>>> print(open('final_1.cif').read())   # mmCIF, C-alpha atoms
data_final
#
loop_
_atom_site.label_atom_id
_atom_site.label_comp_id
_atom_site.auth_asym_id
_atom_site.auth_seq_id
_atom_site.Cartn_x
_atom_site.Cartn_y
_atom_site.Cartn_z
CA MET A 9 44.49 69.00 -65.94
CA SER A 10 46.04 70.57 -69.00
CA THR A 11 44.23 72.20 -71.83
CA LYS A 12 45.52 72.68 -75.34
CA LEU A 13 45.35 76.04 -77.01
CA TYR A 14 44.36 75.87 -80.65
CA ARG A 15 44.97 78.85 -82.86
CA PHE A 16 43.58 79.32 -86.32
CA LYS A 17 46.27 80.25 -88.80
CA PRO A 18 44.79 81.62 -92.01
CA LEU A 19 46.22 80.52 -95.31
CA ASN A 20 48.68 82.85 -96.97
CA LEU A 21 46.85 83.30 -100.26
CA GLY A 22 49.48 85.67 -101.65
CA ARG A 23 52.27 83.18 -101.13
CA GLY A 24 50.19 80.38 -102.61
CA LEU A 25 49.45 82.52 -105.64
CA VAL A 26 53.16 83.24 -106.17
CA TRP A 27 54.11 79.55 -105.99
CA SER A 28 51.23 78.60 -108.29
CA LEU A 29 52.35 81.23 -110.79
CA TYR A 30 55.93 79.93 -110.56
CA ALA A 31 54.77 76.38 -111.26
CA LEU A 32 52.57 77.59 -114.12
CA ILE A 33 55.48 79.42 -115.73
CA LEU A 34 57.61 76.27 -115.56
CA LEU A 35 54.74 74.24 -116.99
CA VAL A 36 53.77 76.39 -119.98
CA SER A 37 57.17 77.82 -120.96
CA PRO A 38 57.98 75.07 -123.51
CA LEU A 39 54.52 75.54 -125.02
CA LEU A 40 55.20 79.23 -125.65
CA TRP A 41 58.85 78.90 -126.68
CA ASN A 42 59.32 75.57 -128.43
CA SER A 43 62.22 76.22 -130.81
CA SER A 44 65.45 74.29 -130.39
CA LEU A 45 67.30 77.34 -129.05
CA ALA A 46 64.48 78.21 -126.66
CA MET A 47 64.33 74.66 -125.25
CA THR A 48 68.09 74.67 -124.76
CA MET A 49 67.90 77.97 -122.87
CA LEU A 50 64.92 76.85 -120.76
CA CYS A 51 66.74 73.69 -119.66
CA GLN A 52 69.84 75.67 -118.76
CA MET A 53 67.75 78.23 -116.87
CA GLY A 54 66.20 75.51 -114.72
CA ILE A 55 69.64 74.15 -113.83
CA ALA A 56 71.04 77.63 -113.21
CA ILE A 57 68.16 78.53 -110.87
CA ILE A 58 68.98 75.58 -108.61
CA VAL A 59 72.72 76.25 -108.47
CA CYS A 60 72.34 80.02 -107.95
CA LEU A 61 69.81 79.47 -105.15
CA SER A 62 72.18 76.97 -103.54
CA TYR A 63 75.00 79.49 -103.77
CA ASN A 64 72.81 82.10 -102.16
CA ILE A 65 72.46 79.89 -99.09
CA LEU A 66 76.11 80.70 -98.56
CA LEU A 67 76.32 84.29 -99.81
CA GLY A 68 72.93 85.82 -99.09
CA GLN A 69 71.70 83.76 -96.16
CA GLY A 70 75.00 83.08 -94.43
CA GLY A 71 77.26 85.91 -95.57
CA MET A 72 79.86 83.38 -96.77
CA LEU A 73 81.62 84.65 -99.90
CA SER A 74 82.68 81.50 -101.72
CA PHE A 75 84.95 81.46 -104.77
CA GLY A 76 84.70 77.71 -105.28
CA HIS A 77 81.03 76.76 -105.44
CA ALA A 78 81.53 75.14 -108.85
CA VAL A 79 83.51 72.41 -107.07
CA TYR A 80 80.31 70.95 -105.61
CA SER A 81 78.12 71.28 -108.68
CA GLY A 82 80.99 70.06 -110.88
CA LEU A 83 81.88 67.02 -108.79
CA GLY A 84 78.17 66.27 -108.60
CA SER A 85 78.22 66.24 -112.41
CA PHE A 86 81.13 63.80 -112.45
CA ALA A 87 79.40 61.54 -109.91
CA ALA A 88 76.29 61.59 -112.09
CA ILE A 89 78.11 60.85 -115.37
CA HIS A 90 79.99 57.89 -113.85
CA THR A 91 76.72 56.56 -112.44
CA LEU A 92 74.99 57.05 -115.78
CA ASN A 93 77.71 55.05 -117.52
CA LYS A 94 77.37 52.27 -114.95
CA VAL A 95 73.65 52.19 -115.66
CA SER A 96 74.36 52.05 -119.40
CA GLU A 97 76.69 49.08 -118.87
CA GLY A 98 74.00 47.29 -116.88
CA ALA A 99 76.10 47.20 -113.70
CA TRP A 100 73.69 49.38 -111.70
CA ALA A 101 69.92 49.57 -111.84
CA ILE A 102 69.15 53.22 -111.14
CA PRO A 103 66.38 55.13 -112.98
CA VAL A 104 67.66 58.01 -115.08
CA SER A 105 65.23 60.33 -113.30
CA LEU A 106 67.13 59.72 -110.03
CA ILE A 107 70.59 60.46 -111.45
CA PRO A 108 70.39 64.12 -110.25
CA LEU A 109 69.99 62.82 -106.69
CA VAL A 110 73.22 60.87 -107.13
CA GLY A 111 74.84 64.17 -108.12
CA GLY A 112 73.31 65.73 -105.02
CA LEU A 113 74.78 63.04 -102.79
CA GLY A 114 78.14 63.55 -104.48
CA GLY A 115 77.98 67.28 -103.83
CA LEU A 116 76.91 66.61 -100.23
CA LEU A 117 79.83 64.25 -99.62
CA VAL A 118 82.40 66.65 -101.05
CA ALA A 119 80.87 69.55 -99.12
CA ALA A 120 81.08 67.51 -95.92
CA LEU A 121 84.77 66.75 -96.51
CA LEU A 122 85.88 70.19 -97.63
CA GLY A 123 83.40 72.15 -95.50
CA ALA A 124 84.89 70.74 -92.33
CA VAL A 125 87.97 72.79 -93.19
CA THR A 126 86.58 75.83 -94.97
CA THR A 127 83.86 76.68 -92.44
CA LYS A 128 86.29 76.85 -89.52
CA LYS A 129 86.88 80.45 -90.58
CA SER A 130 84.58 83.19 -91.81
CA GLY A 131 84.85 86.46 -93.69
CA ASN A 132 87.86 87.05 -95.91
CA THR A 133 89.66 83.98 -94.61
CA PHE A 134 86.76 81.76 -95.67
CA ALA A 135 86.76 83.36 -99.12
CA MET A 136 90.49 82.76 -99.58
CA ILE A 137 90.21 79.14 -98.43
CA THR A 138 87.40 78.44 -100.91
CA LEU A 139 89.49 80.03 -103.66
CA GLY A 140 92.39 77.75 -102.80
CA VAL A 141 90.14 74.69 -102.65
CA GLY A 142 88.67 75.56 -106.04
CA GLU A 143 92.11 75.88 -107.62
CA LEU A 144 93.18 72.62 -105.95
CA VAL A 145 90.26 70.69 -107.45
CA TRP A 146 90.82 72.35 -110.83
CA SER A 147 94.46 71.19 -110.78
CA MET A 148 93.39 67.68 -109.79
CA SER A 149 91.05 67.56 -112.80
CA LEU A 150 94.11 67.67 -115.04
CA MET A 151 96.16 65.26 -112.91
CA LEU A 152 93.53 62.50 -112.56
CA PRO A 153 92.26 61.71 -116.07
CA GLU A 154 90.84 58.38 -114.84
CA PHE A 155 88.12 60.22 -112.94
CA PHE A 156 87.90 63.55 -114.76
CA GLY A 157 88.46 62.26 -118.30
CA GLY A 158 91.32 64.59 -119.17
CA GLU A 159 90.79 67.44 -121.61
CA GLY A 160 88.09 65.55 -123.52
CA GLY A 161 85.97 64.90 -120.45
CA ILE A 162 83.56 61.99 -119.98
CA SER A 163 80.50 61.42 -122.14
CA GLY A 164 77.40 59.34 -121.54
CA ASN A 165 73.95 58.52 -122.84
CA ARG A 166 70.83 59.46 -120.91
CA VAL A 167 68.55 57.24 -123.02
CA VAL A 168 69.11 53.95 -121.20
CA GLY A 169 66.85 51.31 -119.75
CA GLU A 170 63.21 50.63 -120.47
CA SER A 171 60.89 53.56 -121.14
CA VAL A 172 58.17 54.31 -118.59
CA MET A 173 54.88 55.40 -120.20
CA GLY A 174 56.87 56.31 -123.30
CA ILE A 175 59.28 58.58 -121.37
CA THR A 176 62.88 58.00 -122.40
CA PHE A 177 64.27 61.51 -121.75
CA GLY A 178 65.58 61.45 -125.28
CA PRO A 179 63.44 64.35 -126.56
CA GLN A 180 64.44 67.72 -125.14
CA THR A 181 60.86 68.42 -124.00
CA GLN A 182 60.80 65.35 -121.75
CA LEU A 183 64.14 66.33 -120.24
CA TYR A 184 62.90 69.90 -119.71
CA TYR A 185 59.95 68.74 -117.61
CA LEU A 186 62.28 66.60 -115.50
CA ILE A 187 64.49 69.65 -114.95
CA ALA A 188 61.41 71.80 -114.24
CA LEU A 189 60.20 69.28 -111.63
CA TYR A 190 63.57 69.27 -109.87
CA CYS A 191 63.75 73.06 -110.17
CA PHE A 192 60.37 73.57 -108.51
CA VAL A 193 60.94 71.02 -105.74
CA CYS A 194 64.44 72.31 -104.97
CA THR A 195 63.21 75.91 -104.93
CA VAL A 196 60.47 75.00 -102.46
CA LEU A 197 62.89 73.09 -100.24
CA MET A 198 65.46 75.88 -100.22
CA TYR A 199 62.74 78.43 -99.45
CA ALA A 200 61.53 76.21 -96.61
CA PHE A 201 65.10 76.03 -95.31
CA THR A 202 65.20 79.82 -94.95
CA HIS A 203 62.25 79.58 -92.51
CA THR A 204 63.63 76.76 -90.38
CA PRO A 205 65.39 77.46 -87.06
CA LEU A 206 68.68 76.56 -88.76
CA GLY A 207 67.99 79.01 -91.57
CA ARG A 208 67.15 81.77 -89.11
CA MET A 209 70.24 80.99 -87.08
CA LEU A 210 72.32 81.17 -90.26
CA ASN A 211 71.00 84.71 -90.78
CA ALA A 212 72.00 85.52 -87.21
CA VAL A 213 75.49 84.12 -87.79
CA ARG A 214 75.74 86.35 -90.84
CA ASP A 215 74.61 89.48 -88.99
CA ASN A 216 76.16 89.07 -85.52
CA PRO A 217 78.23 85.92 -84.92
CA GLU A 218 79.52 87.20 -81.56
CA ARG A 219 76.02 87.39 -80.12
CA VAL A 220 75.20 83.93 -81.48
CA GLU A 221 78.27 82.55 -79.70
CA PHE A 222 77.28 84.39 -76.54
CA ILE A 223 73.86 82.72 -76.34
CA GLY A 224 75.46 79.28 -76.72
CA TYR A 225 75.33 78.33 -80.40
CA ASP A 226 78.32 77.00 -82.33
CA THR A 227 78.64 79.29 -85.35
CA GLN A 228 81.03 76.91 -87.10
CA ARG A 229 78.52 74.07 -86.87
CA VAL A 230 75.75 76.29 -88.26
CA ARG A 231 77.95 77.27 -91.20
CA PHE A 232 79.05 73.67 -91.74
CA ILE A 233 75.54 72.20 -91.88
CA SER A 234 74.36 74.99 -94.17
CA PHE A 235 77.43 74.46 -96.33
CA MET A 236 76.52 70.79 -96.77
CA ILE A 237 72.93 71.66 -97.66
CA ALA A 238 74.17 74.11 -100.28
CA GLY A 239 76.55 71.44 -101.60
CA PHE A 240 73.69 68.96 -101.95
CA PHE A 241 71.53 71.27 -104.04
CA ALA A 242 74.55 72.30 -106.12
CA GLY A 243 75.18 68.61 -106.78
CA VAL A 244 71.57 68.15 -107.90
CA ALA A 245 72.11 70.94 -110.41
CA GLY A 246 75.30 69.21 -111.51
CA GLY A 247 73.41 65.96 -112.07
CA LEU A 248 70.84 67.75 -114.21
CA TYR A 249 73.71 69.34 -116.15
CA THR A 250 74.98 65.83 -116.89
CA LEU A 251 71.63 64.69 -118.25
CA ASN A 252 71.24 67.84 -120.31
CA PHE A 253 74.64 67.85 -122.03
CA GLU A 254 75.59 64.15 -121.72
CA ILE A 255 79.23 65.19 -121.39
CA VAL A 256 81.19 66.55 -118.44
CA THR A 257 84.57 68.22 -118.77
CA ALA A 258 86.98 69.79 -116.27
CA GLU A 259 85.46 73.20 -117.07
CA VAL A 260 82.58 72.48 -114.67
CA VAL A 261 84.92 72.85 -111.67
CA SER A 262 86.79 75.89 -112.99
CA ALA A 263 87.13 79.25 -111.29
CA TYR A 264 85.32 80.77 -114.27
CA ARG A 265 82.19 78.76 -113.41
CA SER A 266 82.39 79.73 -109.72
CA GLY A 267 82.84 83.37 -110.69
CA ALA A 268 79.75 83.20 -112.88
CA TYR A 269 77.66 81.92 -109.96
CA LEU A 270 78.94 84.75 -107.76
CA LEU A 271 78.48 87.44 -110.40
CA PHE A 272 74.94 86.61 -111.42
CA THR A 273 73.72 85.84 -107.91
CA PHE A 274 74.88 89.33 -106.97
CA LEU A 275 73.31 90.90 -110.06
CA GLY A 276 70.01 89.20 -109.32
CA GLY A 277 70.03 90.26 -105.69
CA ALA A 278 71.71 88.13 -103.03
CA LEU A 279 69.70 89.60 -100.14
CA PHE A 280 66.38 88.40 -101.56
CA PHE A 281 65.29 84.81 -102.07
CA PHE A 282 64.02 85.36 -105.62
CA GLY A 283 67.08 87.43 -106.59
CA PRO A 284 69.20 84.41 -107.66
CA ILE A 285 66.32 83.24 -109.86
CA ILE A 286 66.57 86.51 -111.78
CA GLY A 287 70.35 86.18 -111.83
CA ALA A 288 70.13 82.64 -113.21
CA VAL A 289 67.92 83.78 -116.08
CA LEU A 290 70.34 86.61 -116.83
CA MET A 291 73.28 84.20 -116.72
CA VAL A 292 71.80 81.96 -119.41
CA ILE A 293 70.83 84.94 -121.57
CA ALA A 294 74.35 86.33 -121.28
CA THR A 295 76.20 83.08 -121.92
CA VAL A 296 73.96 81.88 -124.76
CA LEU A 297 72.62 84.95 -126.56
CA LEU A 298 75.10 87.71 -125.71
CA SER A 299 78.10 85.47 -126.35
CA GLU A 300 76.72 84.65 -129.80
CA TRP A 301 76.10 88.30 -130.62
CA THR A 302 79.55 89.65 -129.76
CA LYS A 303 83.00 88.43 -128.78
CA ALA A 304 83.27 91.27 -126.27
CA TRP A 305 80.41 89.99 -124.13
CA LEU A 306 82.61 89.50 -121.06
CA LEU A 307 83.68 93.14 -121.28
CA TYR A 308 80.06 94.28 -121.39
CA LEU A 309 79.27 91.99 -118.48
CA GLY A 310 82.04 93.59 -116.44
CA LEU A 311 80.73 97.07 -117.24
CA ILE A 312 77.21 96.09 -116.20
CA PHE A 313 78.59 94.65 -112.96
CA LEU A 314 80.42 97.90 -112.21
CA VAL A 315 77.30 99.96 -112.88
CA MET A 316 75.19 97.72 -110.61
CA VAL A 317 77.75 97.92 -107.81
CA MET A 318 77.80 101.72 -108.06
CA TYR A 319 74.09 102.45 -108.46
CA ALA A 320 72.16 99.32 -107.39
CA PRO A 321 74.22 97.19 -104.98
CA GLY A 322 71.08 95.29 -103.99
CA GLY A 323 70.73 93.84 -107.49
CA VAL A 324 67.75 93.69 -109.80
CA ALA A 325 65.53 92.32 -107.02
CA SER A 326 66.09 95.40 -104.87
CA LEU A 327 65.18 97.69 -107.79
CA LEU A 328 61.95 95.78 -108.34
CA LEU A 329 60.96 95.82 -104.67
CA MET A 330 61.77 99.50 -104.17
CA ASN A 331 59.67 100.48 -107.16
CA ALA A 332 56.90 98.12 -106.06
CA ARG A 333 56.80 99.99 -102.74
CA VAL A 334 56.52 103.31 -104.55
CA TYR A 335 53.79 101.90 -106.79
CA ALA A 336 51.88 100.56 -103.79
CA HIS A 337 51.68 104.13 -102.43
CA GLY A 338 50.55 105.50 -105.79
CA MET A 339 53.64 107.64 -106.37
CA LEU A 340 55.28 105.88 -109.30
CA SER A 341 53.62 108.28 -111.75
CA ARG A 342 55.86 111.05 -110.39
CA LEU A 343 58.92 109.24 -111.71
CA TRP A 344 58.03 107.92 -115.16
CA LYS A 345 59.42 110.94 -117.03
CA LEU A 346 62.67 110.71 -115.11
CA TYR A 347 62.83 106.99 -115.84
CA LEU A 348 62.48 107.72 -119.55
CA GLY A 349 65.32 110.23 -119.22
CA LEU A 350 67.52 107.74 -117.39
CA PHE A 351 66.91 104.94 -119.87
CA GLY A 352 67.33 107.24 -122.88
CA THR A 353 70.61 108.80 -121.76
CA ALA A 354 71.96 105.46 -120.52
CA ALA A 355 71.09 103.84 -123.86
CA ALA A 356 72.84 106.63 -125.78
CA THR A 357 75.95 106.28 -123.62
CA MET A 358 75.97 102.50 -123.92
CA LEU A 359 75.49 102.71 -127.68
CA GLY A 360 78.59 104.87 -127.98
CA VAL A 361 80.60 102.48 -125.79
CA VAL A 362 79.40 99.49 -127.81
CA ALA A 363 80.32 101.19 -131.09
CA MET A 364 83.88 101.91 -129.92
CA VAL A 365 84.38 98.43 -128.45
CA GLU A 366 83.04 96.66 -131.53
CA MET A 367 85.20 98.76 -133.85
CA LEU A 368 88.27 97.96 -131.75
CA TYR A 369 87.44 94.24 -131.79
CA HIS A 370 86.88 94.41 -135.54
CA ILE A 371 90.32 95.98 -136.05
CA LYS A 372 92.03 93.35 -133.86
CA LEU A 373 90.13 90.23 -134.87
CA ASN A 374 88.54 90.85 -138.27
CA GLU A 375 91.06 93.08 -140.00
CA ALA A 376 91.17 90.75 -143.01
CA LEU A 377 87.48 91.47 -143.70
CA GLY A 378 88.20 95.14 -144.36
CA PRO A 379 87.35 98.29 -142.41
CA GLN A 380 83.60 98.07 -143.02
CA MET A 381 81.35 96.57 -140.32
CA THR A 382 77.65 96.61 -139.46
CA LEU A 383 76.34 97.36 -135.96
CA MET A 384 72.59 97.20 -135.36
CA GLY A 385 71.93 97.83 -139.04
CA VAL A 386 74.30 100.83 -139.23
CA MET A 387 77.41 100.69 -141.41
CA LEU A 388 80.56 101.78 -139.61
CA ASP A 389 84.02 102.35 -141.00
CA THR A 390 86.84 101.64 -138.55
CA GLN A 391 89.17 103.88 -140.57
CA SER A 392 86.74 106.81 -140.72
CA VAL A 393 87.14 109.72 -138.30
CA ARG A 394 83.39 110.30 -138.52
CA SER A 395 82.57 106.88 -137.02
CA TRP A 396 84.94 107.34 -134.08
CA THR A 397 83.86 110.95 -133.52
CA GLY A 398 80.21 109.97 -133.46
CA ALA A 399 80.85 107.20 -130.94
CA VAL A 400 82.89 109.50 -128.67
CA LEU A 401 80.22 112.23 -128.83
CA LEU A 402 77.53 109.71 -127.89
CA VAL A 403 79.52 108.66 -124.84
CA LEU A 404 80.33 112.21 -123.71
CA ILE A 405 76.93 113.79 -124.33
CA GLY A 406 75.02 110.76 -123.10
CA GLY A 407 77.19 110.48 -119.99
CA VAL A 408 76.78 114.16 -119.05
CA LEU A 409 73.02 114.06 -119.59
CA PHE A 410 72.74 110.80 -117.68
CA ASP A 411 74.53 112.29 -114.68
CA GLN A 412 72.25 115.33 -114.69
CA VAL A 413 69.10 113.22 -114.93
CA ARG A 414 70.43 110.88 -112.24
CA ARG A 415 70.96 113.76 -109.80
CA ARG A 416 67.47 115.05 -110.44
CA PHE A 417 66.05 111.54 -110.07
CA SER A 418 67.86 111.11 -106.73
CA ARG A 419 66.27 114.28 -105.35
CA HIS A 420 62.79 113.21 -106.42
CA TRP A 421 63.37 109.69 -105.10
CA GLU A 422 64.40 110.95 -101.67
CA GLN A 423 61.38 113.23 -101.55
CA ILE A 424 59.07 110.34 -102.42
CA GLN A 425 60.64 108.16 -99.73
CA SER A 426 60.04 110.94 -97.20
CA ASP A 427 56.42 111.23 -98.31
CA ILE A 428 55.98 107.48 -97.95
CA GLU A 429 57.36 107.56 -94.41
CA VAL A 430 54.99 110.39 -93.50
CA GLU A 431 52.06 108.50 -95.00
CA THR A 432 53.05 105.32 -93.17
CA GLN A 433 53.25 107.13 -89.83
CA ARG A 434 49.91 108.81 -90.47
CA ARG A 435 48.22 105.47 -91.16
CA ALA A 436 49.81 103.92 -88.07
CA ALA A 437 48.54 106.81 -85.92
CA ALA A 438 45.06 106.49 -87.38
#
>>> encode(input="final_1.cif", output="structure tokens")
Amino acid sequence: MSTKLYRFKPLNLGRGLVWSLYALILLVSPLLWNSSLAMTMLCQMGIAIIVCLSYNILLGQGGMLSFGHAVYSGLGSFAAIHTLNKVSEGAWAIPVSLIPLVGGLGGLLVAALLGAVTTKKSGNTFAMITLGVGELVWSMSLMLPEFFGGEGGISGNRVVGESVMGITFGPQTQLYYLIALYCFVCTVLMYAFTHTPLGRMLNAVRDNPERVEFIGYDTQRVRFISFMIAGFFAGVAGGLYTLNFEIVTAEVVSAYRSGAYLLFTFLGGALFFFGPIIGAVLMVIATVLLSEWTKAWLLYLGLIFLVMVMYAPGGVASLLLMNARVYAHGMLSRLWKLYLGLFGTAAATMLGVVAMVEMLYHIKLNEALGPQMTLMGVMLDTQSVRSWTGAVLLVLIGGVLFDQVRRRFSRHWEQIQSDIEVETQRRAAA
């Protein structure tokens, strides 16, 4: 006679609160920011969140550095645009709201074909293979205009078929809520994947593949299945991209797009699930706002990346969690003055760098407009020694002061970490 053992598992209220807050943010964002620019950025953020989270399945969860992730989101976009055009012609009867799933299936199919080759190796070899695959697909986009549309790309119209309850996806607000729905569902599914046996095994393959092989698991199969899952979600993002822009060009499979996914996933924090969400938001802000503000935005982005690699390799997410731990132990007040010093000296240094870069760009690109230029409300003269001297002094003085404050901050930070460890051990003993 067998008896069943029932165990009560309490609800995780904290996790439920976080997901509810996430859904609430997606729901009310267009009500708070309803301008045309804001709606454009919100739609792009929703798409970027999905694709960056899918990329993090490879990089953060599986330790697979891919230089060609745009292949799967981009080909998902092309699958979606061709399907959308078939729907417009009346050949296929597929609701517009399901077009992103067509993109997902396209990304899944391509990931299955290419992943069978790329996942046979790991580490640097895997990275080089993905780079080669990305360049191969990029070259094909110029050689096969029938599918890729040549330099002009392929355009479509998302307002097709009969409206359902007045929803045509013509207005940007209606499209945003479709993107928000896909964003929330895909985020939940990818988070659930990290807690499945396959997700846990993928972490083990990342950390110690030899031990995984020793206990009888096929590491290549684990990487391959995870690769296909990442390709599916990347394709979903590509399908949403198609609906948002209604045009797909060869740029969506370029190395530039893959590099952007890698860069901002790292900046957000690849070792944390919510890190790519932060990175996706930063990516849209950089590509939409920063690119409009200055032509040197890629240079600034590279400088920020270098600073993060040197001082915060865990990304923005790691900075938030480390400070949250300090705050939870009531010790953050011991650092606020040092934080002000860090931000102040860093801002002064960055201001000097920005002044020099913008004056150089003005000389090279806007010489016909004269030597005068305005930066943050301040008039600068590119031919004046005073302007260049002031910028150089800001960089030198700010950099020296920043280094001094940083050293002092490091000493205080290490002392606080030691105090936290002592407090933790004391509580455990009690």
>>> closest_residue(input="final_1.cif", among="A:Leu368, A:Met72, A:Cys60, A:Leu251", to="Asp215 of chain A", atoms="all atoms listed in the file")
A:Met72
>>> closest_residue(input="final_1.cif", among="A:Gly323, A:Pro217, A:Gly22, A:Gly267", to="Phe281 of chain A", atoms="only C-alpha atoms")
A:Gly323
>>> residues_around(input="final_1.cif", residues="segment 385-402 of chain A", least_positions_apart="2", cutoff="10 Å", atoms="all atoms listed in the file", output="ChimeraX atom specification")
/A:353,355-368,370-371,375,378-383,404-408
>>> atom_distance(input="final_1.cif", atom1="atom CA of Val213 of chain A", atom2="atom CA of Gly70 of chain A")
6.7 Å
>>> resolve_selection(input="final_1.cif", expression="the PyMOL selection byres ((chain A and resi 300-306) around 12)", output="number ranges by chain")
A: 45, 264, 268, 271, 291-299, 307-313, 361-370, 372-374, 383-384
>>> resolve_selection(input="final_1.cif", expression="the PyMOL selection byres ((chain A and resi 412-414) around 9)", output="number ranges by chain")
A: 346-347, 349-350, 353, 407-411, 415-419
>>> write_last_selection(input="final_1.cif", atoms="C-alpha atoms", output="short mmCIF file (atom, residue, chain, number, x, y, z; two decimals), keeping the file's coordinate frame")
data_model
loop_
_atom_site.label_atom_id
_atom_site.label_comp_id
_atom_site.auth_asym_id
_atom_site.auth_seq_id
_atom_site.Cartn_x
_atom_site.Cartn_y
_atom_site.Cartn_z
CA LEU A 346 62.67 110.71 -115.11
CA TYR A 347 62.83 106.99 -115.84
CA GLY A 349 65.32 110.23 -119.22
CA LEU A 350 67.52 107.74 -117.39
CA THR A 353 70.61 108.80 -121.76
CA GLY A 407 77.19 110.48 -119.99
CA VAL A 408 76.78 114.16 -119.05
CA LEU A 409 73.02 114.06 -119.59
CA PHE A 410 72.74 110.80 -117.68
CA ASP A 411 74.53 112.29 -114.68
CA ARG A 415 70.96 113.76 -109.80
CA ARG A 416 67.47 115.05 -110.44
CA PHE A 417 66.05 111.54 -110.07
CA SER A 418 67.86 111.11 -106.73
CA ARG A 419 66.27 114.28 -105.35
#
